[in-house]
Amino acid sequence: MPSLGADMEAGKLIAWKIKPGDRVKRGDIVAEVETEKADIDVEIFATGTVHELLVEPGQKVPVGTVLAKILEEGESAAPAPAVSAPAPERLRISPLAKKLAAELGVDVGLIRGTGAGGAITREDVERAAAAKPAEKPAIAPADFQAGMRRAIAAAMARSNREIPHYYLETHIDMHRALEWLQTENLKRTVKERILPAVLLIRAVIRGLKDIPELNAYWSNDRLEMKESVNVGFAISLRQGGLITPAIMNADQKNLDQLMAALSDLIVRAREGHLRSSEISEGTITITNLGDLGVETVHGVIYPPQVALVGFGRIQERPWAANGMLGVRPVLTATLAGDHRATDGRRGAQFLQALDRYLQEPEKL
Amino acid sequence: MTEDEVRNRVFEIIHRIAPEADLDRLDFNENLREALDIDSFDFLNVLVALNEKLGVNIPEADYRQVSTLKTMVEYVNKHMPSQAR
């Protein structure tokens with residue numbers, strides 16, 4: 001059971017898309033899994049032949065549980081490698097932690113221990129108890145909202161607890177970008193039009209090339225820079241709530257490809273057909289709440305990411321430039337940064353770069 | 001096609017793209033996107049469907065002219081090619 005986000009502790013297997021004997025290759029969809037936020041299509045990260053399915057549809061299992069065994073080319077059935085992380089070993093837990101877990105109604109099978117040799121400590125139990133209600137029934141459509149709120153609450157509580165956020169804000173004159181886009185879209189059919197949000201995504205990607213430490217994870221007390229830019233984009237779901245799947249390898253896409261990828265992502269997010277990598281491998285998040293009339297977004301970073309870029313509504317405002325006062329479409333852009341990973345100076349340089357790229361939309 | 005028929009076609013299109021939108025409660029003079037909570041992606045899809053089903057191409061420069069249901073129906077009625085009627 002892959003981890004599909006910092007907040008995920010367990011998932012329910014809905015269906016297998018493979019059977020023993022099937023050939024699979026890296027990236028294939030092999031199973032459908034229900035999490036508190038959404039149903040996810042699980043991809044496989046090995047190439048070979050399906051040897052054995054170890055979990056039955058309908059079973060809810062902790063993150064890290066082996067779901068199936070795959071035999072790689074030339075491999076015999078005996079020591080088959082695991083599809084996902086190794087299965088949890090015999091539970092190591094101190095008597096005190098065990099007693100506390102029983103008192104608090106916490107399922108110790110769902111806790112990842114941080115003590116010696118992966119042992120579950122009293123602190124682990126307390127964290128697990130604080131992160132979620134003790135009673136956590138399987139998700140039915142009726143309590144989907146509650147499940148999503150719990151998942152968001154767990155991730156955001158962890159973010160607020162662990163990440164020392166700093167916030168920066170700037171106003172960007174969007175008239176060049178919007179005029180250029182309007183002219184570009186006139187050359188296209190309605191179906192091929194590009195949304196302003198795509199220009200913003202592209203500008204963020206360009207900015208990250210200048211300030212690469214914002215495209216990174218904070219993991220084991222160190223900054224782990226990422227080569228590919230997988231842009232998590234907040235998408236509102238029909239049934240309520242937001243999910244932030246990633247446009248994978250967004251840095252390798254031009255504007256048309258980004259628009260196509262975003263459209264595809266929105267449709268699949270709303271239909272419940274996101275891929276596991278899109279949920280778990282975002283390297284930075286963009287929250288664009290301009291559609292909802294919000295002026296400024298002060299976002300909460302999704303761990304282990306180290307930055308979140310927020311965009312508000314583009315609105316006409318008085319704008320002074322070169323000694324003249326005019327009216328311009330103005331966007332408020334914010335950066336929420338992890339102070340362990342970067343400082344305000346680098347964050348400010350990122351927002352400057354963002355502004356600069358949006359003044360030259362033809363180069364995006 | 002009468003104005004009522006155009007309105008019904010626009011309703012059908014919006015309902016298909018944003019099925020959660022409560023059209024019964026919509027005031028025809030309200031801002032469509034705000035009243036129905038339609039984001040820019042869904043709004044673009046409404047425009048794509050208006051183009052494909054009714055042959056009306058609404059350029060970005062005219063978006064303000066189709067911000068309410070009333071003005072959108074008027075716009076479509078005015079710009080719909082005769083073969084689509």
# chains A, B, ... in the order shown; residues from 1 in each chain; ligands from 1

$ closest_atom_pairs --of "chain A" --to "chain B" --cutoff "7 Å" --atoms "only C-alpha atoms" --output "Markdown table"
| residue | atom | partner | partner_atom | distance |
| --- | --- | --- | --- | --- |
| A:Gln182 | CA | B:Glu60 | CA | 6.3 |
| A:Leu186 | CA | B:Pro59 | CA | 6.9 |
| A:Val190 | CA | B:Val48 | CA | 5.5 |
| A:Lys191 | CA | B:Val48 | CA | 5.6 |
| A:Arg238 | CA | B:Glu20 | CA | 6.7 |
| A:Asp291 | CA | B:Asp39 | CA | 5.6 |

$ residues_around --residues "Pro164 (chain A)" --least-positions-apart "2" --cutoff "8 Å" --atoms "only C-alpha atoms" --output "PDB file with N, CA and C atoms, in the first residue's frame"
ATOM      1  N   ASN A 160       1.621  22.556  10.180  1.00  0.00           N
ATOM      2  CA  ASN A 160       1.726  23.654  11.142  1.00  0.00           C
ATOM      3  C   ASN A 160       2.630  23.303  12.311  1.00  0.00           C
ATOM      4  N   GLU A 162       5.221  21.124  12.247  1.00  0.00           N
ATOM      5  CA  GLU A 162       6.619  20.856  11.901  1.00  0.00           C
ATOM      6  C   GLU A 162       7.296  21.947  11.077  1.00  0.00           C
ATOM      7  N   TYR A 166       7.304  30.968   6.468  1.00  0.00           N
ATOM      8  CA  TYR A 166       7.398  32.425   6.285  1.00  0.00           C
ATOM      9  C   TYR A 166       6.563  32.775   5.064  1.00  0.00           C
ATOM     10  N   ASP A 338       9.222  27.234   3.601  1.00  0.00           N
ATOM     11  CA  ASP A 338       9.681  26.519   4.801  1.00  0.00           C
ATOM     12  C   ASP A 338      11.023  27.148   5.203  1.00  0.00           C
ATOM     13  N   HIS A 339      11.041  27.775   6.384  1.00  0.00           N
ATOM     14  CA  HIS A 339      12.242  28.510   6.782  1.00  0.00           C
ATOM     15  C   HIS A 339      13.432  27.596   7.061  1.00  0.00           C
ATOM     16  N   ARG A 340      13.186  26.292   7.226  1.00  0.00           N
ATOM     17  CA  ARG A 340      14.309  25.364   7.403  1.00  0.00           C
ATOM     18  C   ARG A 340      15.033  25.176   6.070  1.00  0.00           C
TER      19      ARG A 340
END

$ residues_around --residues "Thr71 (chain B)" --least-positions-apart "6" --cutoff "9 Å" --atoms "only C-alpha atoms" --output "PDB file with N, CA and C atoms, in the first residue's frame"
ATOM      1  N   PHE B  28     -31.572  35.025 -13.095  1.00  0.00           N
ATOM      2  CA  PHE B  28     -31.023  35.198 -14.449  1.00  0.00           C
ATOM      3  C   PHE B  28     -30.092  36.407 -14.564  1.00  0.00           C
ATOM      4  N   ASN B  29     -30.182  37.324 -13.586  1.00  0.00           N
ATOM      5  CA  ASN B  29     -29.320  38.503 -13.647  1.00  0.00           C
ATOM      6  C   ASN B  29     -28.077  38.382 -12.762  1.00  0.00           C
ATOM      7  N   GLN B  65     -19.647  40.082 -21.577  1.00  0.00           N
ATOM      8  CA  GLN B  65     -21.008  40.157 -22.126  1.00  0.00           C
ATOM      9  C   GLN B  65     -21.808  38.882 -21.865  1.00  0.00           C
TER      10      GLN B  65
END

$ closest_residue --among "A:Arg188, A:Lys253, A:Arg161, A:Arg176" --to "Ile205 (chain A)" --atoms "only C-alpha atoms"
A:Lys253

$ residues_around --residues "Leu54 (chain B)" --least-positions-apart "5" --cutoff "12 Å" --atoms "only C-alpha atoms" --output "ChimeraX atom specification"
/B:1,5-7,9-10,13,46-49,73,75-85

$ select_by_dssp --residues "region 57-244 of chain A" --states "strand (DSSP E)" --output "PyMOL selection string"
chain A and resi 60-62+68-71+165-173+216-219+222-225+231-233+235-236+242-243

$ residues_around --residues "Leu208 (chain A)" --least-positions-apart "4" --cutoff "12 Å" --atoms "only C-alpha atoms" --output "PDB file with N, CA and C atoms, in the first residue's frame"
ATOM      1  N   ILE A 201       1.277  28.895 -13.984  1.00  0.00           N
ATOM      2  CA  ILE A 201       2.025  27.654 -13.715  1.00  0.00           C
ATOM      3  C   ILE A 201       3.377  27.704 -14.431  1.00  0.00           C
ATOM      4  N   ARG A 202       3.338  28.132 -15.678  1.00  0.00           N
ATOM      5  CA  ARG A 202       4.573  28.190 -16.471  1.00  0.00           C
ATOM      6  C   ARG A 202       5.571  29.194 -15.849  1.00  0.00           C
ATOM      7  N   ALA A 203       5.041  30.317 -15.374  1.00  0.00           N
ATOM      8  CA  ALA A 203       5.926  31.320 -14.755  1.00  0.00           C
ATOM      9  C   ALA A 203       6.536  30.769 -13.462  1.00  0.00           C
ATOM     10  N   VAL A 204       5.749  30.007 -12.710  1.00  0.00           N
ATOM     11  CA  VAL A 204       6.285  29.386 -11.487  1.00  0.00           C
ATOM     12  C   VAL A 204       7.423  28.433 -11.848  1.00  0.00           C
ATOM     13  N   PRO A 212      16.041  26.984  -7.426  1.00  0.00           N
ATOM     14  CA  PRO A 212      15.677  25.555  -7.406  1.00  0.00           C
ATOM     15  C   PRO A 212      15.437  24.984  -6.017  1.00  0.00           C
ATOM     16  N   GLU A 213      15.949  25.665  -4.989  1.00  0.00           N
ATOM     17  CA  GLU A 213      15.750  25.092  -3.641  1.00  0.00           C
ATOM     18  C   GLU A 213      14.300  25.162  -3.169  1.00  0.00           C
ATOM     19  N   LEU A 214      13.441  25.853  -3.934  1.00  0.00           N
ATOM     20  CA  LEU A 214      12.013  25.841  -3.582  1.00  0.00           C
ATOM     21  C   LEU A 214      11.317  24.612  -4.167  1.00  0.00           C
ATOM     22  N   ASN A 215      11.966  23.955  -5.115  1.00  0.00           N
ATOM     23  CA  ASN A 215      11.418  22.727  -5.694  1.00  0.00           C
ATOM     24  C   ASN A 215      12.141  21.552  -5.027  1.00  0.00           C
ATOM     25  N   ALA A 216      11.703  21.240  -3.824  1.00  0.00           N
ATOM     26  CA  ALA A 216      12.492  20.306  -3.015  1.00  0.00           C
ATOM     27  C   ALA A 216      11.639  19.712  -1.909  1.00  0.00           C
ATOM     28  N   MET A 225      16.876  18.480  -3.024  1.00  0.00           N
ATOM     29  CA  MET A 225      16.393  19.174  -4.231  1.00  0.00           C
ATOM     30  C   MET A 225      15.879  18.163  -5.246  1.00  0.00           C
ATOM     31  N   LYS A 226      14.847  18.550  -5.989  1.00  0.00           N
ATOM     32  CA  LYS A 226      14.240  17.666  -6.980  1.00  0.00           C
ATOM     33  C   LYS A 226      14.573  18.161  -8.387  1.00  0.00           C
ATOM     34  N   GLU A 227      14.910  17.243  -9.261  1.00  0.00           N
ATOM     35  CA  GLU A 227      15.238  17.642 -10.636  1.00  0.00           C
ATOM     36  C   GLU A 227      13.994  17.976 -11.433  1.00  0.00           C
ATOM     37  N   SER A 228      13.025  17.075 -11.392  1.00  0.00           N
ATOM     38  CA  SER A 228      11.785  17.330 -12.127  1.00  0.00           C
ATOM     39  C   SER A 228      10.895  18.254 -11.311  1.00  0.00           C
ATOM     40  N   VAL A 229      10.111  19.048 -12.025  1.00  0.00           N
ATOM     41  CA  VAL A 229       9.142  19.897 -11.340  1.00  0.00           C
ATOM     42  C   VAL A 229       7.763  19.258 -11.513  1.00  0.00           C
ATOM     43  N   ASN A 230       7.236  18.718 -10.418  1.00  0.00           N
ATOM     44  CA  ASN A 230       5.891  18.145 -10.419  1.00  0.00           C
ATOM     45  C   ASN A 230       4.990  19.123  -9.677  1.00  0.00           C
ATOM     46  N   VAL A 231       4.205  19.877 -10.441  1.00  0.00           N
ATOM     47  CA  VAL A 231       3.440  20.972  -9.843  1.00  0.00           C
ATOM     48  C   VAL A 231       2.111  20.479  -9.285  1.00  0.00           C
ATOM     49  N   ALA A 250       6.231  18.827 -15.185  1.00  0.00           N
ATOM     50  CA  ALA A 250       5.637  20.032 -15.769  1.00  0.00           C
ATOM     51  C   ALA A 250       6.684  20.919 -16.436  1.00  0.00           C
ATOM     52  N   ASP A 251       7.927  20.817 -15.985  1.00  0.00           N
ATOM     53  CA  ASP A 251       8.991  21.646 -16.551  1.00  0.00           C
ATOM     54  C   ASP A 251       9.336  21.247 -17.980  1.00  0.00           C
ATOM     55  N   THR A 283       6.195  18.267  -6.100  1.00  0.00           N
ATOM     56  CA  THR A 283       7.405  18.857  -5.530  1.00  0.00           C
ATOM     57  C   THR A 283       7.177  20.301  -5.081  1.00  0.00           C
ATOM     58  N   ILE A 284       6.067  20.881  -5.495  1.00  0.00           N
ATOM     59  CA  ILE A 284       5.666  22.222  -5.051  1.00  0.00           C
ATOM     60  C   ILE A 284       4.163  22.317  -5.323  1.00  0.00           C
ATOM     61  N   THR A 285       3.477  23.179  -4.576  1.00  0.00           N
ATOM     62  CA  THR A 285       2.026  23.300  -4.770  1.00  0.00           C
ATOM     63  C   THR A 285       1.654  24.722  -5.170  1.00  0.00           C
ATOM     64  N   ALA A 307       7.535  24.604  -0.255  1.00  0.00           N
ATOM     65  CA  ALA A 307       6.983  25.884  -0.714  1.00  0.00           C
ATOM     66  C   ALA A 307       5.586  25.698  -1.284  1.00  0.00           C
ATOM     67  N   LEU A 308       4.806  26.745  -1.169  1.00  0.00           N
ATOM     68  CA  LEU A 308       3.485  26.790  -1.780  1.00  0.00           C
ATOM     69  C   LEU A 308       3.297  28.191  -2.357  1.00  0.00           C
ATOM     70  N   VAL A 309       2.883  28.253  -3.612  1.00  0.00           N
ATOM     71  CA  VAL A 309       2.660  29.543  -4.261  1.00  0.00           C
ATOM     72  C   VAL A 309       1.152  29.772  -4.330  1.00  0.00           C
ATOM     73  N   ARG A 346      15.749  34.443  -0.624  1.00  0.00           N
ATOM     74  CA  ARG A 346      15.558  33.579  -1.799  1.00  0.00           C
ATOM     75  C   ARG A 346      14.085  33.574  -2.221  1.00  0.00           C
ATOM     76  N   GLY A 347      13.210  33.615  -1.213  1.00  0.00           N
ATOM     77  CA  GLY A 347      11.782  33.669  -1.516  1.00  0.00           C
ATOM     78  C   GLY A 347      11.432  34.933  -2.290  1.00  0.00           C
ATOM     79  N   GLN A 349      13.440  36.650  -4.155  1.00  0.00           N
ATOM     80  CA  GLN A 349      13.997  36.522  -5.509  1.00  0.00           C
ATOM     81  C   GLN A 349      13.080  35.685  -6.397  1.00  0.00           C
ATOM     82  N   PHE A 350      12.449  34.690  -5.790  1.00  0.00           N
ATOM     83  CA  PHE A 350      11.515  33.863  -6.564  1.00  0.00           C
ATOM     84  C   PHE A 350      10.319  34.709  -7.038  1.00  0.00           C
ATOM     85  N   LEU A 351       9.751  35.501  -6.114  1.00  0.00           N
ATOM     86  CA  LEU A 351       8.594  36.321  -6.509  1.00  0.00           C
ATOM     87  C   LEU A 351       8.992  37.367  -7.554  1.00  0.00           C
ATOM     88  N   GLN A 352      10.210  37.898  -7.431  1.00  0.00           N
ATOM     89  CA  GLN A 352      10.708  38.840  -8.450  1.00  0.00           C
ATOM     90  C   GLN A 352      10.785  38.153  -9.810  1.00  0.00           C
ATOM     91  N   ALA A 353      11.303  36.929  -9.809  1.00  0.00           N
ATOM     92  CA  ALA A 353      11.434  36.173 -11.060  1.00  0.00           C
ATOM     93  C   ALA A 353      10.055  35.901 -11.659  1.00  0.00           C
ATOM     94  N   LEU A 354       9.114  35.552 -10.800  1.00  0.00           N
ATOM     95  CA  LEU A 354       7.743  35.287 -11.249  1.00  0.00           C
ATOM     96  C   LEU A 354       7.186  36.515 -11.976  1.00  0.00           C
ATOM     97  N   TYR A 357       8.939  37.072 -15.396  1.00  0.00           N
ATOM     98  CA  TYR A 357       8.504  36.168 -16.480  1.00  0.00           C
ATOM     99  C   TYR A 357       7.107  36.518 -16.972  1.00  0.00           C
TER     100      TYR A 357
END

$ closest_residue --among "B:Lys53, B:Phe43, B:Met72, B:Ile14" --to "Arg193 (chain A)" --atoms "only C-alpha atoms"
B:Phe43

$ residues_around --residues "Val125 (chain A)" --least-positions-apart "6" --cutoff "8 Å" --atoms "only C-alpha atoms" --output "ChimeraX atom specification"
/A:97,100-101,106,108,111

$ write_last_selection --atoms "N, CA and C atoms" --output "compact mmCIF listing (two decimals), in the first residue's frame"
# COMPACT_ATOMS: atom_id res chain seq x y z
N ALA A 97 3.63 2.27 25.84
CA ALA A 97 2.98 2.75 24.63
C ALA A 97 1.76 1.89 24.30
N LEU A 100 -1.03 2.84 26.62
CA LEU A 100 -1.58 4.14 26.24
C LEU A 100 -2.46 4.02 24.99
N ALA A 101 -1.97 3.22 24.02
CA ALA A 101 -2.73 3.03 22.79
C ALA A 101 -4.10 2.43 23.09
N VAL A 106 -6.23 3.83 20.01
CA VAL A 106 -5.42 3.98 18.79
C VAL A 106 -5.02 2.60 18.28
N VAL A 108 -2.55 0.36 16.91
CA VAL A 108 -1.08 0.41 16.80
C VAL A 108 -0.59 -0.14 15.47
N ILE A 111 0.43 2.63 13.12
CA ILE A 111 1.46 3.61 13.53
C ILE A 111 2.83 3.17 13.01

$ residues_around --residues "Ile172 (chain A)" --least-positions-apart "2" --cutoff "8 Å" --atoms "only C-alpha atoms" --output "list in words"
Thr170, Met174, Val330, Leu331, Thr332, Ala333 and Asp355 of chain A

$ atom_distance --atom1 "CA of Gly337 (chain A)" --atom2 "CA of Lys37 (chain A)"
24.6 Å

$ atom_distance --atom1 "CA of Ala157 (chain A)" --atom2 "CA of Ala348 (chain A)"
26.2 Å
